[in-house]
Amino acid sequence: MILITGASSGLGAALAALYAKDNQALTLTGRDANRLHTVANALSPFSTQSISAISADLADEASVEALFDGLTDAPNTVIHCAGSGYFGALETQGTSEIQALLNNNVTTTILLVRELVKRYKQQAVKVVIVMSTAALAAKAGESTYCAAKWAVRGFIESVRLELKQSPMKLIAVYPGGMDTGFWPSSGKSLDTSSFMSADEAAGMLKQALLATEHGYIADITIQRG
């Protein structure tokens with residue numbers, strides 16, 4: 001079973017569609033229960049496998065625990081797409097918006113991965129963490145967003161060391177700009193017509209996640225052309 005977070009829109013929804021067409025059992029999660037169930041219901045005709053939806057706030061410890069308690073099977077792959085953006089000159093950024101940014105990107109990742117490690121450390125689970133190229137290079141006007149993504153990158157690389165002898169594998173994904181609903185909610189106005197679509201990025205990511213018996217791709221950068 002594949003668990004996809006942030007599956008109610010954007011990259012998460014696009015990945016869900018691809019895996020449904022591959023007849024994979026899916027559990028989709030996100031904060032918006034209505035949008036999540038709409039996505040799941042739309043995919044059901046394409047698959048004979050179970051496609052379930054469980055709403056969860058991944059920044060809340062109890063909600064994360066309830067999500068995993070509600071799974072009928074242990075996941076073999078988890079793709080963490082949930083997150084949000086917040087941009088602008090540093091002096092214009094509000095405290096509550098900065099805190100929300102950190103919760104949506106850093107706290108969610110830490111609590112999700114912690115729960116996965118607690119439950120499945122000794123199982124061959126692929127944990128895919130979707131970040132951004134903002135975790136690789138500084139960007140003016142994206143200071144706190146870069147800070148959040150760099151924090152996630154440091155966390156993932158550190159947990160990898162803790163899992164060195166474990167069959168669980170952490171895969172870091174760094175996508176460039178995608179033309180999704182991410183941008184309108186970020187407060188940043190820009191022309192995204194040259195950006196990748198979520199479907200394009202999902203197709204490249206799905207292909208890159210293919211592994212062999214003795215190897216896998218640990219870090220994936222998806223640049224827009």
# chains A, B, ... in the order shown; residues from 1 in each chain; ligands from 1

$ closest_atom_pairs --of "stretch 107-203 of chain A" --to "stretch 69-90 of chain A" --cutoff "6 Å" --atoms "only C-alpha atoms" --output "JSON lines"
{"residue": "A:Val125", "atom": "CA", "partner": "A:Asn76", "partner_atom": "CA", "distance": 4.7}
{"residue": "A:Lys126", "atom": "CA", "partner": "A:Thr77", "partner_atom": "CA", "distance": 4.7}
{"residue": "A:Val127", "atom": "CA", "partner": "A:Val78", "partner_atom": "CA", "distance": 4.8}
{"residue": "A:Val128", "atom": "CA", "partner": "A:Ile79", "partner_atom": "CA", "distance": 4.6}
{"residue": "A:Ile129", "atom": "CA", "partner": "A:His80", "partner_atom": "CA", "distance": 5.0}
{"residue": "A:Val130", "atom": "CA", "partner": "A:Cys81", "partner_atom": "CA", "distance": 5.4}
{"residue": "A:Gly141", "atom": "CA", "partner": "A:Gly88", "partner_atom": "CA", "distance": 4.7}
{"residue": "A:Glu142", "atom": "CA", "partner": "A:Phe87", "partner_atom": "CA", "distance": 5.0}
{"residue": "A:Ser186", "atom": "CA", "partner": "A:Tyr86", "partner_atom": "CA", "distance": 4.6}
{"residue": "A:Lys188", "atom": "CA", "partner": "A:Phe87", "partner_atom": "CA", "distance": 6.0}

$ closest_atom_pairs --of "stretch 47-144 of chain A" --to "stretch 152-174 of chain A" --cutoff "8 Å" --atoms "only C-alpha atoms" --output "JSON lines"
{"residue": "A:Asn105", "atom": "CA", "partner": "A:Val152", "partner_atom": "CA", "distance": 7.5}
{"residue": "A:Val106", "atom": "CA", "partner": "A:Val152", "partner_atom": "CA", "distance": 5.8}
{"residue": "A:Thr109", "atom": "CA", "partner": "A:Val152", "partner_atom": "CA", "distance": 7.1}
{"residue": "A:Ile110", "atom": "CA", "partner": "A:Phe155", "partner_atom": "CA", "distance": 7.6}
{"residue": "A:Tyr120", "atom": "CA", "partner": "A:Met168", "partner_atom": "CA", "distance": 7.5}
{"residue": "A:Lys121", "atom": "CA", "partner": "A:Met168", "partner_atom": "CA", "distance": 5.9}
{"residue": "A:Gln122", "atom": "CA", "partner": "A:Ser166", "partner_atom": "CA", "distance": 5.9}
{"residue": "A:Gln123", "atom": "CA", "partner": "A:Pro167", "partner_atom": "CA", "distance": 5.7}
{"residue": "A:Ala124", "atom": "CA", "partner": "A:Pro167", "partner_atom": "CA", "distance": 4.6}
{"residue": "A:Val125", "atom": "CA", "partner": "A:Met168", "partner_atom": "CA", "distance": 4.8}
{"residue": "A:Lys126", "atom": "CA", "partner": "A:Lys169", "partner_atom": "CA", "distance": 5.0}
{"residue": "A:Val127", "atom": "CA", "partner": "A:Leu170", "partner_atom": "CA", "distance": 4.8}
{"residue": "A:Val128", "atom": "CA", "partner": "A:Ile171", "partner_atom": "CA", "distance": 4.6}
{"residue": "A:Ile129", "atom": "CA", "partner": "A:Ala172", "partner_atom": "CA", "distance": 5.1}
{"residue": "A:Val130", "atom": "CA", "partner": "A:Val173", "partner_atom": "CA", "distance": 4.7}
{"residue": "A:Met131", "atom": "CA", "partner": "A:Tyr174", "partner_atom": "CA", "distance": 5.2}
{"residue": "A:Ser132", "atom": "CA", "partner": "A:Tyr174", "partner_atom": "CA", "distance": 4.3}
{"residue": "A:Thr133", "atom": "CA", "partner": "A:Tyr174", "partner_atom": "CA", "distance": 4.9}
{"residue": "A:Ala134", "atom": "CA", "partner": "A:Tyr174", "partner_atom": "CA", "distance": 8.0}
{"residue": "A:Ala135", "atom": "CA", "partner": "A:Arg153", "partner_atom": "CA", "distance": 6.5}
{"residue": "A:Leu136", "atom": "CA", "partner": "A:Tyr174", "partner_atom": "CA", "distance": 7.9}

$ residues_around --residues "A:Gly12" --least-positions-apart "6" --cutoff "12 Å" --atoms "only C-alpha atoms" --output "PyMOL selection string"
chain A and resi 2-6+18-19+26-30+36+39-40+78-83+128-130+180-182+198-199+201-203+205-206

$ atom_distance --atom1 "atom CA of A:Arg31" --atom2 "atom CA of A:Asp60"
11.1 Å

$ select_by_dssp --residues "stretch 127-221 of chain A" --states "helix (DSSP H, G or I)" --output "VMD selection string"
chain A and resid 133 to 135 143 to 162 184 to 186 198 to 208

$ residues_around --residues "A:Asn23" --least-positions-apart "3" --cutoff "7 Å" --atoms "only C-alpha atoms" --output "list of chain:residue names"
A:Tyr19, A:Ala20, A:Ser47, A:Thr48, A:Gln49
